[in-house]
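This report concerns only the one structure given below.
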Amino acid sequence: MSSIVSIRNLSKKFAGFSALKNINLDVSEGEVVCIVGPSGSGKSTLIRCINLLEEYEKSGSVLVDGIPVVRGEKLAMVRAEVGMVFQSFNLFPHLTVLQNITLAPVRVRNTTRTVAEKQAYAMLERVGIAAQAGKYPGELSGGQQQRVAIARALAMQPRIMLFDEPTSSLDPEMVGEVLDVMKKLAKSGVTMIVVTHEMGFARQVADRVVFMDDGEIVEEGTPQQIFDDAREERTRNFLNAILQH
Amino acid sequence: MNFIDTFFNWDVLTSSMPLLLSGLKVTLLLGLVSVVAGLVLGLAIALVRLYAMRPIRLVAIIYIDLFRSIPLLVLLILVYFALPFIGISLSPFASAAAALTIVSSAYTAEIFRAGIEAIPKGQFEASQALGLGYRHMMSDVILPQAIRVVIPPLTNNCINVIKDTALASVVAMPDLLKQATQAQALEANPTPLIVAALMYIGLLWPLVLLVGRFEKRLRTTR
């Protein structure tokens, strides 16, 4: 299988503090990778390097579909191939749901408005909120907003979807509806990298679970390997701490 | 002569009215040109100030700080009386418009900067993650949101610019104030000045009320 994302010797420092230490990670087409680990372990920083929302040390490299992710003319093109869903949704509050979804296809892909709108309705159907197309983000619940954000990213037909703690700012009763949408996407073959604290989701949906701590990948493996049979003490301690309650 | 004949003399008013109206026209034109040019220039300077390379950004910062600290009257006199010595002679209107635009753009730049900086970081990140280029990120996502925040302070600035057009009378601009003082001297009666004052108020009071409306609406939609 070919790698959609290929990360080599990736390091990042914030004012002397090492946020990422020599990370290597490959993600294949159709694969669902969940990144878990304690807060401040570098999970979010890692996936934000994949579309260069975070700069990284020159010594390392990030390739998306074989193209280096660096500042320059090709950056916007690479970013268009990488969909991202944020913890805080980041919908555009002055645009309707439909306009949120059609903006990038029309501006970046030069899709005609009619076609973009048709695709947008299809995406909204996919995330189960086609009825809300004319509303503004502020009129929707958190769960609905996050599903719009997923539809917005999908509308660009990206090669890979990044999820940065997509359920962490949701009220508990809305977590399920977002995870359900993500499960459906995973089943339909979308390549996904998911930073999450939802261990049930990771166990059920991930092809591979990556455990990070202190800016490093401590270990990775199938959900069974990580959750039932972790080799590293740090992994076991973390899982014990969060699975106890 | 009683109070009414001195300050609200009907005959003086009617005879000086054509002069006053021509002055009002000049004031309106000068205000309009300066406000619009100041807006466009101010937005450009704000974007340079925020996003250009460091040395260019520094130039923008110096421009903004310099022209906010120089009194408009001083700048106006420099433009009109000093520039000819280095070979640049501007008409009274061009001098006044240039000075007003420069100062207005400095204030406008700071207003736009504050408005853009008030937009959450996530809006920039979401735009970039979607592959939007800088131009579309600004025109479709950031500026439409920033505009709502900056309309009240921009309207305030607009009021200041229109009021400051009165300073142009110093460089022999036939604006409303200049014509009023001229008519006053001609008629040996202060009625034209009173009328001019009423005209300024009539022009600007609606704008002042508008700022209040905008601010109230902004408070309730937040």
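Lettering and numbering for the structure tokens are positional, with chains as A, B, ... in the shown order, residues counted from 1 in each chain, and ligands counted from 1 in the shown order.
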
Using only C-alpha atoms, what table do you get, as a tab-separated table, when you list each residue of chain A with an atom no more than 8 Å from chain B, its nearest pair of atoms, and their distance in Å rounded to one decimal, rows by chain then rising number?
residue	atom	partner	partner_atom	distance
A:Asn51	CA	B:Ala129	CA	6.7
A:Leu53	CA	B:Glu125	CA	6.8
A:Leu75	CA	B:Gly131	CA	7.9
A:Ala76	CA	B:Gly131	CA	4.5
A:Met77	CA	B:Gly131	CA	6.2
A:Val78	CA	B:Gly131	CA	7.5
A:Arg79	CA	B:Gly131	CA	4.9
A:Ala80	CA	B:Gly131	CA	4.3
A:Val82	CA	B:Ala129	CA	7.2
A:Gly83	CA	B:Leu130	CA	6.7
A:Met84	CA	B:Ala129	CA	6.3
A:Ser88	CA	B:Gly122	CA	7.8
A:Asn90	CA	B:Gly122	CA	5.4
A:Leu91	CA	B:Gln123	CA	7.4
A:Phe92	CA	B:Val141	CA	6.8
A:His94	CA	B:Gln145	CA	6.7
A:Ala104	CA	B:Leu130	CA	6.2
A:Arg107	CA	B:Leu132	CA	7.1
A:Val108	CA	B:Leu132	CA	6.1
A:Ala153	CA	B:Leu130	CA	6.9
A:Met156	CA	B:Leu130	CA	7.5

The selected residues should be written to file as a CSV table (one decimal), in the first residue's frame (atoms: N, CA and C atoms).
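Generated file (out12.csv):
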chain,number,residue,atom,x,y,z
A,51,ASN,N,-0.4,19.6,8.0
A,51,ASN,CA,-0.8,20.7,7.0
A,51,ASN,C,-0.1,22.0,7.4
A,53,LEU,N,0.1,23.9,9.9
A,53,LEU,CA,-0.5,24.9,10.8
A,53,LEU,C,0.6,25.2,11.9
A,75,LEU,N,1.9,25.0,-1.1
A,75,LEU,CA,1.3,24.7,0.2
A,75,LEU,C,-0.2,24.7,0.2
A,76,ALA,N,-0.8,25.7,-0.4
A,76,ALA,CA,-2.3,25.7,-0.4
A,76,ALA,C,-2.8,24.5,-1.1
A,77,MET,N,-2.1,24.0,-2.2
A,77,MET,CA,-2.6,22.8,-2.9
A,77,MET,C,-2.5,21.6,-2.0
A,78,VAL,N,-1.4,21.5,-1.3
A,78,VAL,CA,-1.3,20.3,-0.4
A,78,VAL,C,-2.3,20.4,0.7
A,79,ARG,N,-2.6,21.6,1.3
A,79,ARG,CA,-3.5,21.7,2.3
A,79,ARG,C,-4.9,21.4,1.8
A,80,ALA,N,-5.2,21.6,0.6
A,80,ALA,CA,-6.5,21.3,0.0
A,80,ALA,C,-6.7,19.8,0.0
A,82,VAL,N,-5.7,17.9,2.4
A,82,VAL,CA,-5.7,17.4,3.8
A,82,VAL,C,-6.9,18.1,4.5
A,83,GLY,N,-7.9,17.4,4.8
A,83,GLY,CA,-9.1,17.9,5.5
A,83,GLY,C,-8.8,18.0,7.0
A,84,MET,N,-9.3,19.0,7.7
A,84,MET,CA,-9.0,19.1,9.1
A,84,MET,C,-10.3,19.4,9.9
A,88,SER,N,-12.5,23.0,18.3
A,88,SER,CA,-13.4,24.1,18.5
A,88,SER,C,-14.2,24.5,17.2
A,90,ASN,N,-14.5,25.8,14.6
A,90,ASN,CA,-14.0,26.9,13.7
A,90,ASN,C,-14.8,27.0,12.4
A,91,LEU,N,-16.1,26.9,12.5
A,91,LEU,CA,-17.0,27.3,11.4
A,91,LEU,C,-16.9,28.8,11.2
A,92,PHE,N,-17.3,29.2,10.0
A,92,PHE,CA,-17.3,30.6,9.7
A,92,PHE,C,-18.7,31.2,10.1
A,94,HIS,N,-20.2,34.0,10.0
A,94,HIS,CA,-21.0,34.9,9.1
A,94,HIS,C,-21.6,34.3,7.9
A,104,ALA,N,-14.7,26.7,0.0
A,104,ALA,CA,-13.4,26.3,-0.5
A,104,ALA,C,-13.5,25.6,-1.8
A,107,ARG,N,-13.8,28.4,-4.3
A,107,ARG,CA,-12.6,29.3,-4.4
A,107,ARG,C,-11.3,28.6,-4.7
A,108,VAL,N,-11.2,27.3,-4.2
A,108,VAL,CA,-9.9,26.6,-4.4
A,108,VAL,C,-9.9,25.6,-5.6
A,153,ALA,N,-14.9,19.9,5.6
A,153,ALA,CA,-13.6,19.3,5.2
A,153,ALA,C,-13.8,18.3,4.1
A,156,MET,N,-14.0,19.1,0.1
A,156,MET,CA,-12.8,19.3,-0.7
A,156,MET,C,-12.3,18.0,-1.2

>> Between CA of Ser2 in chain A and CA of Asn110 in chain A, what is the distance in Å, rounded to a tenth?
In response: 28.1 Å

>> If I take CA of Asn9 in chain A and CA of Asn22 in chain A, how far is one from the other in Å, to one decimal?
In response: 4.3 Å

>> Residues near Ala230 in chain A, anyone? I mean within 10 Å using only C-alpha atoms, not counting same-chain ones fewer than 3 positions away, as a list in words.
In response: Phe211, Glu219, Glu220, Gly221, Pro223, Gln224, Gln225, Ile226, Phe227, Glu233, Arg234, Thr235, Arg236, Asn237 and Leu239 of chain A

>> My list of candidates is A:Leu243, A:Gly215, A:Met174, A:Thr167. Which is closest to Phe17 in chain A when distances are computed with only C-alpha atoms?
In response: A:Gly215

>> When you count only C-alpha atoms, which of these residues is closest to Thr101 in chain B: B:Ala188, B:Ile77, B:Leu21, B:Val33?
In response: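 Checking each of B:Ala188, B:Ile77, B:Leu21, B:Val33 against Thr101 in chain B, counting only C-alpha atoms, the winner is B:Val33.
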
>> DSSP on the backbone, strand (DSSP E) only: what residues of range 71-155 of chain A does that give? Format it as number ranges by chain.
In response: A: 82-85

Would you mind exporting the chosen residues as a compact mmCIF listing (two decimals), in the first residue's frame, restricted to all heavy atoms?
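Result written to result-v5.txt:
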# COMPACT_ATOMS: atom_id res chain seq x y z
N VAL A 82 -5.71 17.88 2.43
CA VAL A 82 -5.72 17.44 3.83
C VAL A 82 -6.89 18.11 4.54
O VAL A 82 -6.86 19.30 4.80
CB VAL A 82 -4.40 17.82 4.53
CG1 VAL A 82 -4.41 17.34 5.97
CG2 VAL A 82 -3.20 17.25 3.78
N GLY A 83 -7.94 17.37 4.81
CA GLY A 83 -9.07 17.93 5.53
C GLY A 83 -8.78 17.97 7.01
O GLY A 83 -8.10 17.09 7.53
N MET A 84 -9.28 19.01 7.69
CA MET A 84 -9.01 19.05 9.13
C MET A 84 -10.26 19.43 9.91
O MET A 84 -11.00 20.34 9.52
CB MET A 84 -7.91 20.05 9.45
CG MET A 84 -7.46 19.96 10.90
SD MET A 84 -5.89 20.79 11.15
CE MET A 84 -5.24 19.91 12.55
N VAL A 85 -10.47 18.72 11.00
CA VAL A 85 -11.59 19.01 11.90
C VAL A 85 -10.99 19.39 13.24
O VAL A 85 -10.15 18.67 13.78
CB VAL A 85 -12.51 17.78 12.04
CG1 VAL A 85 -13.61 18.05 13.06
CG2 VAL A 85 -13.11 17.43 10.68

>> Based on the backbone DSSP call, show me all residues of range 47-102 of chain A assigned alpha helix (DSSP H), as a ChimeraX atom specification.
In response: /A:47-50,75-80,97-102

> Ile7 in chain A: which residues within 8 Å, counting only C-alpha atoms, same-chain residues fewer than 3 positions away excluded, as a list in words?
Replying inline: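 Skipping anything fewer than 3 positions along the chain leaves Leu10, Ile23, Asn24, Leu25, Asp26, Gly60, Ser61, Val62 and Leu63 of chain A.
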
> Could you pull the residues within 10 Å of Leu58 in chain B, counting only C-alpha atoms, minus those fewer than 6 positions along the same chain, as a list in words?
Replying inline: Val48, Arg49, Ala52 and Ile64 of chain B

> Counting only C-alpha atoms, what is within 12 Å of Leu167 in chain B, bar same-chain residues fewer than 5 positions away, as a PyMOL selection string?
Replying inline: chain B and resi 27+30-31+71-77+92-93+95-97+99-100+160-162+172-178

Please, could you write that set of residues out with C-alpha atoms as a PDB file, in the first residue's frame?
ATOM      1  CA  THR B  27     -16.538  70.686   2.592  1.00  0.00           C
ATOM      2  CA  LEU B  30     -13.226  67.250   0.658  1.00  0.00           C
ATOM      3  CA  GLY B  31     -14.693  65.101   3.424  1.00  0.00           C
ATOM      4  CA  PRO B  71      -1.234  67.763  14.634  1.00  0.00           C
ATOM      5  CA  LEU B  72      -3.285  67.906  11.443  1.00  0.00           C
ATOM      6  CA  LEU B  73      -2.923  71.680  11.215  1.00  0.00           C
ATOM      7  CA  VAL B  74       0.877  71.376  11.287  1.00  0.00           C
ATOM      8  CA  LEU B  75       0.835  68.704   8.603  1.00  0.00           C
ATOM      9  CA  LEU B  76      -1.503  70.778   6.471  1.00  0.00           C
ATOM     10  CA  ILE B  77       0.764  73.821   6.698  1.00  0.00           C
ATOM     11  CA  PRO B  92      -5.391  74.092  -1.617  1.00  0.00           C
ATOM     12  CA  PHE B  93      -7.866  71.258  -2.241  1.00  0.00           C
ATOM     13  CA  SER B  95      -3.105  69.824   0.019  1.00  0.00           C
ATOM     14  CA  ALA B  96      -6.068  69.549   2.340  1.00  0.00           C
ATOM     15  CA  ALA B  97      -7.167  66.197   0.876  1.00  0.00           C
ATOM     16  CA  ALA B  99      -3.142  65.898   4.743  1.00  0.00           C
ATOM     17  CA  LEU B 100      -6.584  64.646   5.805  1.00  0.00           C
ATOM     18  CA  ASN B 160     -13.463  63.532  12.905  1.00  0.00           C
ATOM     19  CA  VAL B 161     -12.273  63.830   9.313  1.00  0.00           C
ATOM     20  CA  ILE B 162     -15.325  65.848   8.269  1.00  0.00           C
ATOM     21  CA  ALA B 172      -7.297  79.395   1.563  1.00  0.00           C
ATOM     22  CA  MET B 173      -9.651  76.523   0.797  1.00  0.00           C
ATOM     23  CA  PRO B 174     -13.119  77.946   0.076  1.00  0.00           C
ATOM     24  CA  ASP B 175     -14.755  75.426   2.421  1.00  0.00           C
ATOM     25  CA  LEU B 176     -17.786  76.035   4.618  1.00  0.00           C
ATOM     26  CA  LEU B 177     -15.887  77.703   7.473  1.00  0.00           C
ATOM     27  CA  LYS B 178     -13.821  79.894   5.153  1.00  0.00           C
TER      28      LYS B 178
END

> Do you know which residues are at most 10 Å from Glu177 in chain A counting only C-alpha atoms, after dropping those on the same chain fewer than 2 positions away, and could you put them as JSON, numbers by chain?
Replying inline: {"A": [127, 128, 143, 144, 146, 147, 167, 173, 174, 175, 179, 180, 181, 182, 183]}

> Could you state the separation of CA of Gly72 in chain A and CA of Arg8 in chain A in Å, given to one decimal place?
Replying inline: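 Going from CA of Gly72 in chain A over to CA of Arg8 in chain A covers 19.8 Å.
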
> Counting only C-alpha atoms, which of A:Asp207, A:Glu54, A:Asp228, A:Asp214 gets nearest to Ser39 in chain A?
Replying inline: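 Ranking A:Asp207, A:Glu54, A:Asp228, A:Asp214 by distance to Ser39 in chain A, first place goes to A:Asp214.
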